[in-house]
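Participant: Could you have a look at this structure, given as structure tokens, before my questions?
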There are 2 protein chains.
Amino acid sequence: MLNLQFIREAHERIGTHVHRTPVVTSRTFDEAAGLRVFFKCENFQRAGAFKFRGATNKILSLTGDERRRGVVAFSSGNHAQAVALAAREAGVRAVIVMPTDAPRSKLAATRGYGAEVMFYDRQRDDRELVAREIAERDGRVVVPPYDDYFIMAGQGTCALELLEDVPDLDALLTPCGGGGLFAGASTVAKAFNPKLRCFPVESELSDDTRQSFVKGARVCIAPPPTIADGMRTQSPGALTFPVLRENAEDVLTVSEGQIVETMRFLLFRMKILVEPTGAVAAAAALHGKLPAGIERVGVVLSGGNVDADVLSSIMEEKL
Amino acid sequence: MLNLQFIREAHERIGTHVHRTPVVTSRTFDEAAGLRVFFKCENFQRAGAFKFRGATNKILSLTGDERRRGVVAFSSGNHAQAVALAAREAGVRAVIVMPTDAPRSKLAATRGYGAEVMFYDRQRDDRELVAREIAERDGRVVVPPYDDYFIMAGQGTCALELLEDVPDLDALLTPCGGGGLFAGASTVAKAFNPKLRCFPVESELSDDTRQSFVKGARVCIAPPPTIADGMRTQSPGALTFPVLRENAEDVLTVSEGQIVETMRFLLFRMKILVEPTGAVAAAAALHGKLPAGIERVGVVLSGGNVDADVLSSIMEEKL
């Protein structure tokens, strides 16, 4: 079901809603990395991350009846804001289930887009269960963060644009949390060119996907204490993982220090703000994690939503 | 001597060396400002600021003999890095005269581009005099930061690109230190459309140009304690000021708090790093400083070189 045609349809569907984000290059980065890197800047996407693509594709694919009943999503991060904004644009009412300790800025942004926020206790409640209860009670459609073909297809549209702009890549790197972005993007890449080498990238501290890839079956890890908050998933998705196994040459990992150093490089040298999760694929390129024989690399900078206090810590290298 | 043709020649001359920087827009900014704003992103320019345009134009205009003798410039900021990089690219040896207390990052960047740094004492020495002595002793050409038609023409090329991309602007705003950027940019704007309203923007604390504009003659102020370090000039230039008087409708000013707030907006909402000086024109747009009847505004984000400690203070709103 996840194929190039399905992703092209997604792109057609969401076209007037999403930004076609720029692809940027940097001589300084290339010199430091020893590669030719093309950054797809989803930090400039609406609501600050690629997540808006998938959420918009999902919501615009609902039936009239489903739209009237509204949607519900669970997220403490970019998916929350993405669903809130996508729902508002489609005239659909959204409930977002967030943890009681969600960052104020993300809570404010989600409400600012007009969504209703319901809280759960991170220690006590299962957020997915809370969301599914709300869905059943109100007849709402759940908009999952990654394990859904419409979501994966939406996320994959960023690779469609990247490969239209830069067709001759040797490799494609994306950050990998639940795997929705990688599943969509690598499906596009392999359809364009089966020899294009695809790598999901994780923080070493949240390497559930790497462990699963090595084992050949989904592994569940303890809640990972990584600074890359979009990567605190404990397991790859049931639907994303088979796609990832098919398309990934390997799963790369980077250290927390490499993530911070890369954020600082992107900020001070390239003048763009990328959140920790968003910098993970760039960190792999900058720190020599790629196998030999690769020169032209597409890197998705997946998001730019950082709280001032987190950024301040990163400035001061306190992490 | 400063006219559209001269600036077009500059653009031709520097074309393969400078980045054609992107023009970006933001719905969020426009909603907050009540305007339609087109940002010319010179923070993405090489060496981090528009200064690279003027320095490149000046150095590429030198005779073979002058190139062999080398150049000298005085600056503690973006002009230093710009001249160092432009000289390296042209195979010309550069000496940069910097204050003993120049930020480490700017010193390192200037040396990183291969320039020789000579120091002066900010309290004791006249930097311009130091530079001119070096120029006389070695036969080097001085590359002034703004008061030179080749410099002004180089800086003006950013407005040429902006107006090619967005021809139908009502107004053009640029930060104004010594006035080189405004002189070049407003000359282009007025040649494209004499009705295009041009505004240089200063920090309230460094309003030497506003005072001079009101008085109709160049005023010299005490060293201004503004966070906008590119705007700590005490007087507009002898050559830039007549151009400014001719082209400026008014000189706008913004507070230090408005500069910081605008930097934060650009960083957290638009995900781009702009230095304090670079955010001054955007601050005027964001804080309602424009007269009535203006809708479509070009704003030059003139640079993005910020030290980590300055950025950290800005994150924490300590300023």
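Convention: chains lettered A, B, ... in structure tokens order; per-chain residue numbering from 1; ligands numbered from 1 as shown.
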Report the closest atom pair, with its distance in Å rounded to one decimal, for each residue of chain B that has an atom no farther than 10 Å from chain A; count only C-alpha atoms, sort by chain and then rising residue number, and write it as CSV.

Facilitator:
```
residue,atom,partner,partner_atom,distance
B:Pro22,CA,A:Pro22,CA,9.1
B:Val24,CA,A:Pro22,CA,9.9
B:Ser26,CA,A:Arg46,CA,9.5
B:Arg27,CA,A:Arg46,CA,9.4
B:Thr28,CA,A:Arg46,CA,9.7
B:Asn43,CA,A:Lys271,CA,6.9
B:Phe44,CA,A:Lys271,CA,6.7
B:Gln45,CA,A:Met270,CA,9.4
B:Arg46,CA,A:Arg27,CA,9.3
B:Ala47,CA,A:Arg269,CA,8.9
B:Gly48,CA,A:Arg269,CA,7.9
B:Arg264,CA,A:Ala308,CA,9.0
B:Leu266,CA,A:Leu273,CA,9.8
B:Leu267,CA,A:Leu273,CA,6.7
B:Phe268,CA,A:Asn305,CA,7.1
B:Arg269,CA,A:Gly48,CA,7.9
B:Met270,CA,A:Phe44,CA,6.8
B:Lys271,CA,A:Leu273,CA,4.7
B:Ile272,CA,A:Ile272,CA,4.6
B:Leu273,CA,A:Lys271,CA,4.7
B:Val274,CA,A:Lys271,CA,7.2
B:Glu275,CA,A:Lys271,CA,9.5
B:Gly303,CA,A:Lys271,CA,9.3
B:Gly304,CA,A:Lys271,CA,6.2
B:Asn305,CA,A:Phe268,CA,7.1
B:Val306,CA,A:Phe268,CA,7.2
B:Asp307,CA,A:Phe268,CA,8.0
B:Ala308,CA,A:Met315,CA,5.7
B:Asp309,CA,A:Met315,CA,7.3
B:Val310,CA,A:Met315,CA,9.6
B:Leu311,CA,A:Met315,CA,7.5
B:Ser312,CA,A:Ser312,CA,5.4
B:Ser313,CA,A:Ser312,CA,8.3
B:Ile314,CA,A:Ser312,CA,8.9
B:Met315,CA,A:Ala308,CA,5.7
B:Glu316,CA,A:Ser312,CA,7.2
B:Glu317,CA,A:Ala308,CA,9.8
```

Participant: Per DSSP on the backbone, filter segment 113-254 of chain A down to the residues in helix (DSSP H, G or I) and report them as a PyMOL selection string.

Facilitator: chain A and resi 127-138+149-165+180-192+204-206+208-215+229-231+240-247

Participant: What are the nearest atom pairs, with distances in Å to one decimal, for all residues of segment 242-303 of chain A that come at most 12 Å from segment 220-226 of chain A, using only C-alpha atoms, set out by chain and rising residue number as a tab-separated table?

Facilitator:
```
residue	atom	partner	partner_atom	distance
A:Val254	CA	A:Thr226	CA	10.8
A:Ser255	CA	A:Thr226	CA	9.2
A:Glu256	CA	A:Thr226	CA	7.0
A:Gly257	CA	A:Thr226	CA	10.5
A:Gln258	CA	A:Thr226	CA	12.0
A:Ile259	CA	A:Thr226	CA	10.0
A:Val260	CA	A:Thr226	CA	11.1
A:Pro276	CA	A:Thr226	CA	9.2
A:Thr277	CA	A:Thr226	CA	9.2
A:Val280	CA	A:Thr226	CA	11.3
```

Participant: Extract, using only C-alpha atoms, all DNA, RNA and protein residues at most 12 Å from Leu129 of chain B, discarding same-chain residues fewer than 6 positions from it, and format them as a list in words.

Facilitator: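 Residues near the query, excluding close chain neighbours: Val72, Ala73, Phe74, Val97, Tyr120, Ala135, Glu136 and Val142 of chain B.
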
Participant: Can you spit out the residues from that selection as an mmCIF file, in the first residue's frame, using N, CA and C atoms?

Facilitator:
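Now in out38.cif:
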```
data_model
loop_
_atom_site.group_PDB
_atom_site.id
_atom_site.type_symbol
_atom_site.label_atom_id
_atom_site.label_comp_id
_atom_site.auth_asym_id
_atom_site.auth_seq_id
_atom_site.Cartn_x
_atom_site.Cartn_y
_atom_site.Cartn_z
ATOM 1 N N VAL B 72 44.244 46.335 3.350
ATOM 2 C CA VAL B 72 44.151 46.442 4.798
ATOM 3 C C VAL B 72 42.756 46.973 5.136
ATOM 4 N N ALA B 73 42.178 46.458 6.223
ATOM 5 C CA ALA B 73 40.854 46.918 6.641
ATOM 6 C C ALA B 73 40.821 47.015 8.152
ATOM 7 N N PHE B 74 39.962 47.878 8.665
ATOM 8 C CA PHE B 74 39.793 47.980 10.111
ATOM 9 C C PHE B 74 38.355 47.620 10.455
ATOM 10 N N VAL B 97 42.903 45.133 10.904
ATOM 11 C CA VAL B 97 43.195 45.819 12.167
ATOM 12 C C VAL B 97 41.981 45.647 13.078
ATOM 13 N N TYR B 120 44.780 46.906 17.790
ATOM 14 C CA TYR B 120 44.901 48.268 18.309
ATOM 15 C C TYR B 120 44.141 48.326 19.625
ATOM 16 N N ALA B 135 48.756 50.977 5.555
ATOM 17 C CA ALA B 135 48.555 51.142 4.114
ATOM 18 C C ALA B 135 49.725 51.913 3.496
ATOM 19 N N GLU B 136 50.125 52.991 4.145
ATOM 20 C CA GLU B 136 51.227 53.806 3.602
ATOM 21 C C GLU B 136 52.546 53.054 3.642
ATOM 22 N N VAL B 142 43.431 50.467 1.297
ATOM 23 C CA VAL B 142 42.457 50.366 2.390
ATOM 24 C C VAL B 142 41.099 49.953 1.816
#
```

Participant: Pick out the residues sitting within 7 Å of Thr110 of chain A, and hand them over as a ChimeraX atom specification; count only C-alpha atoms, and ignore anything fewer than 3 positions along from it in its own chain.

Facilitator: /A:80-81,84,106-107,113-115

Participant: Could you tell me how far atom CA of Ala55 of chain B sits from atom CA of Glu246 of chain B, in Å to one decimal place?

Facilitator: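 Interatomic distance, atom CA of Glu246 of chain B to atom CA of Ala55 of chain B: 24.3 Å.
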
Participant: Within 9 Å of Ala189 of chain A, counting only C-alpha atoms, which residues qualify if same-chain residues fewer than 2 places away don't, as a compact mmCIF listing (two decimals) with N, CA, C and O atoms, in the first residue's frame?

Facilitator:
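Contents of selection.txt, as written:
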```txt
# COMPACT_ATOMS: atom_id res chain seq x y z
N ALA A 159 10.73 13.74 0.65
CA ALA A 159 11.76 13.12 -0.17
C ALA A 159 11.43 13.27 -1.66
O ALA A 159 12.33 13.40 -2.50
N LEU A 160 10.14 13.27 -1.97
CA LEU A 160 9.70 13.51 -3.36
C LEU A 160 10.21 14.86 -3.83
O LEU A 160 10.79 14.99 -4.93
N LEU A 163 14.13 14.87 -4.10
CA LEU A 163 14.66 14.16 -5.28
C LEU A 163 14.28 14.84 -6.59
O LEU A 163 14.98 14.69 -7.59
N ALA A 171 22.98 8.76 -1.40
CA ALA A 171 22.40 8.27 -0.16
C ALA A 171 21.37 9.24 0.40
O ALA A 171 21.40 10.43 0.10
N LEU A 172 20.47 8.71 1.21
CA LEU A 172 19.46 9.53 1.88
C LEU A 172 19.46 9.17 3.36
O LEU A 172 19.39 8.00 3.73
N GLY A 184 8.37 6.51 4.60
CA GLY A 184 7.87 7.25 3.43
C GLY A 184 9.01 7.70 2.53
O GLY A 184 8.96 7.51 1.30
N ALA A 185 10.04 8.28 3.14
CA ALA A 185 11.13 8.87 2.35
C ALA A 185 11.92 7.78 1.61
O ALA A 185 12.28 7.95 0.44
N SER A 186 12.17 6.66 2.26
CA SER A 186 12.96 5.61 1.62
C SER A 186 12.16 4.91 0.52
O SER A 186 12.73 4.44 -0.47
N THR A 187 10.83 4.86 0.68
CA THR A 187 10.00 4.29 -0.38
C THR A 187 10.12 5.13 -1.66
O THR A 187 10.24 4.60 -2.77
N ALA A 191 12.11 3.96 -5.18
CA ALA A 191 11.35 3.99 -6.44
C ALA A 191 12.06 4.84 -7.49
O ALA A 191 12.05 4.52 -8.67
N PHE A 192 12.69 5.93 -7.04
CA PHE A 192 13.45 6.78 -7.96
C PHE A 192 14.69 6.03 -8.47
O PHE A 192 15.05 6.12 -9.62
N ASN A 193 15.35 5.37 -7.54
CA ASN A 193 16.62 4.71 -7.88
C ASN A 193 16.91 3.62 -6.86
O ASN A 193 17.32 3.89 -5.74
N PRO A 194 16.74 2.35 -7.27
CA PRO A 194 16.91 1.23 -6.32
C PRO A 194 18.30 1.18 -5.71
O PRO A 194 18.49 0.56 -4.65
N LYS A 195 19.28 1.87 -6.35
CA LYS A 195 20.65 1.87 -5.82
C LYS A 195 20.88 2.97 -4.81
O LYS A 195 21.97 3.05 -4.25
N LEU A 196 19.90 3.83 -4.62
CA LEU A 196 20.06 4.92 -3.66
C LEU A 196 20.08 4.31 -2.25
O LEU A 196 19.16 3.60 -1.85
N ARG A 197 21.15 4.59 -1.52
CA ARG A 197 21.37 3.92 -0.23
C ARG A 197 20.69 4.70 0.89
O ARG A 197 20.94 5.88 1.07
N CYS A 198 19.83 4.02 1.63
CA CYS A 198 18.98 4.70 2.62
C CYS A 198 19.36 4.31 4.04
O CYS A 198 19.48 3.12 4.37
```

Participant: Using atom CA of Ala183 of chain B and atom CA of Asp148 of chain B as the two end points, give the distance in Å to one decimal.

Facilitator: 10.5 Å

Participant: Considering only C-alpha atoms, give me a table of residues in segment 28-97 of chain A that are at most 8 Å from segment 150-157 of chain A, with the closest atom pair and distance in Å for each, as CSV.

Facilitator:
```
residue,atom,partner,partner_atom,distance
A:Phe50,CA,A:Gln155,CA,6.3
A:Lys51,CA,A:Gln155,CA,6.7
A:Arg53,CA,A:Gly154,CA,4.9
A:Gly54,CA,A:Gly154,CA,3.8
A:Ala55,CA,A:Ile151,CA,6.2
A:Thr56,CA,A:Gly154,CA,7.4
A:Asn57,CA,A:Gly154,CA,5.4
A:Lys58,CA,A:Phe150,CA,5.3
A:Ser61,CA,A:Phe150,CA,7.9
```

Participant: Store the residues picked out above in a file with N, CA and C atoms, as a short mmCIF file (atom, residue, chain, number, x, y, z; two decimals), in the first residue's frame.

Facilitator:
```
data_model
loop_
_atom_site.label_atom_id
_atom_site.label_comp_id
_atom_site.auth_asym_id
_atom_site.auth_seq_id
_atom_site.Cartn_x
_atom_site.Cartn_y
_atom_site.Cartn_z
N PHE A 50 8.33 18.27 9.72
CA PHE A 50 7.73 17.44 8.66
C PHE A 50 6.40 16.84 9.06
N LYS A 51 6.14 16.78 10.35
CA LYS A 51 4.92 16.11 10.86
C LYS A 51 3.64 16.69 10.25
N ARG A 53 3.10 17.38 7.25
CA ARG A 53 2.78 16.70 5.99
C ARG A 53 1.87 15.48 6.23
N GLY A 54 2.30 14.63 7.13
CA GLY A 54 1.53 13.41 7.40
C GLY A 54 0.17 13.71 7.98
N ALA A 55 0.14 14.64 8.94
CA ALA A 55 -1.13 14.97 9.59
C ALA A 55 -2.12 15.53 8.57
N THR A 56 -1.62 16.39 7.68
CA THR A 56 -2.49 16.98 6.67
C THR A 56 -3.00 15.91 5.71
N ASN A 57 -2.11 15.01 5.30
CA ASN A 57 -2.54 13.95 4.38
C ASN A 57 -3.61 13.07 5.01
N LYS A 58 -3.41 12.73 6.27
CA LYS A 58 -4.38 11.89 6.97
C LYS A 58 -5.74 12.59 7.06
N SER A 61 -7.74 12.99 3.98
CA SER A 61 -8.21 11.71 3.41
C SER A 61 -9.46 11.19 4.12
#
```
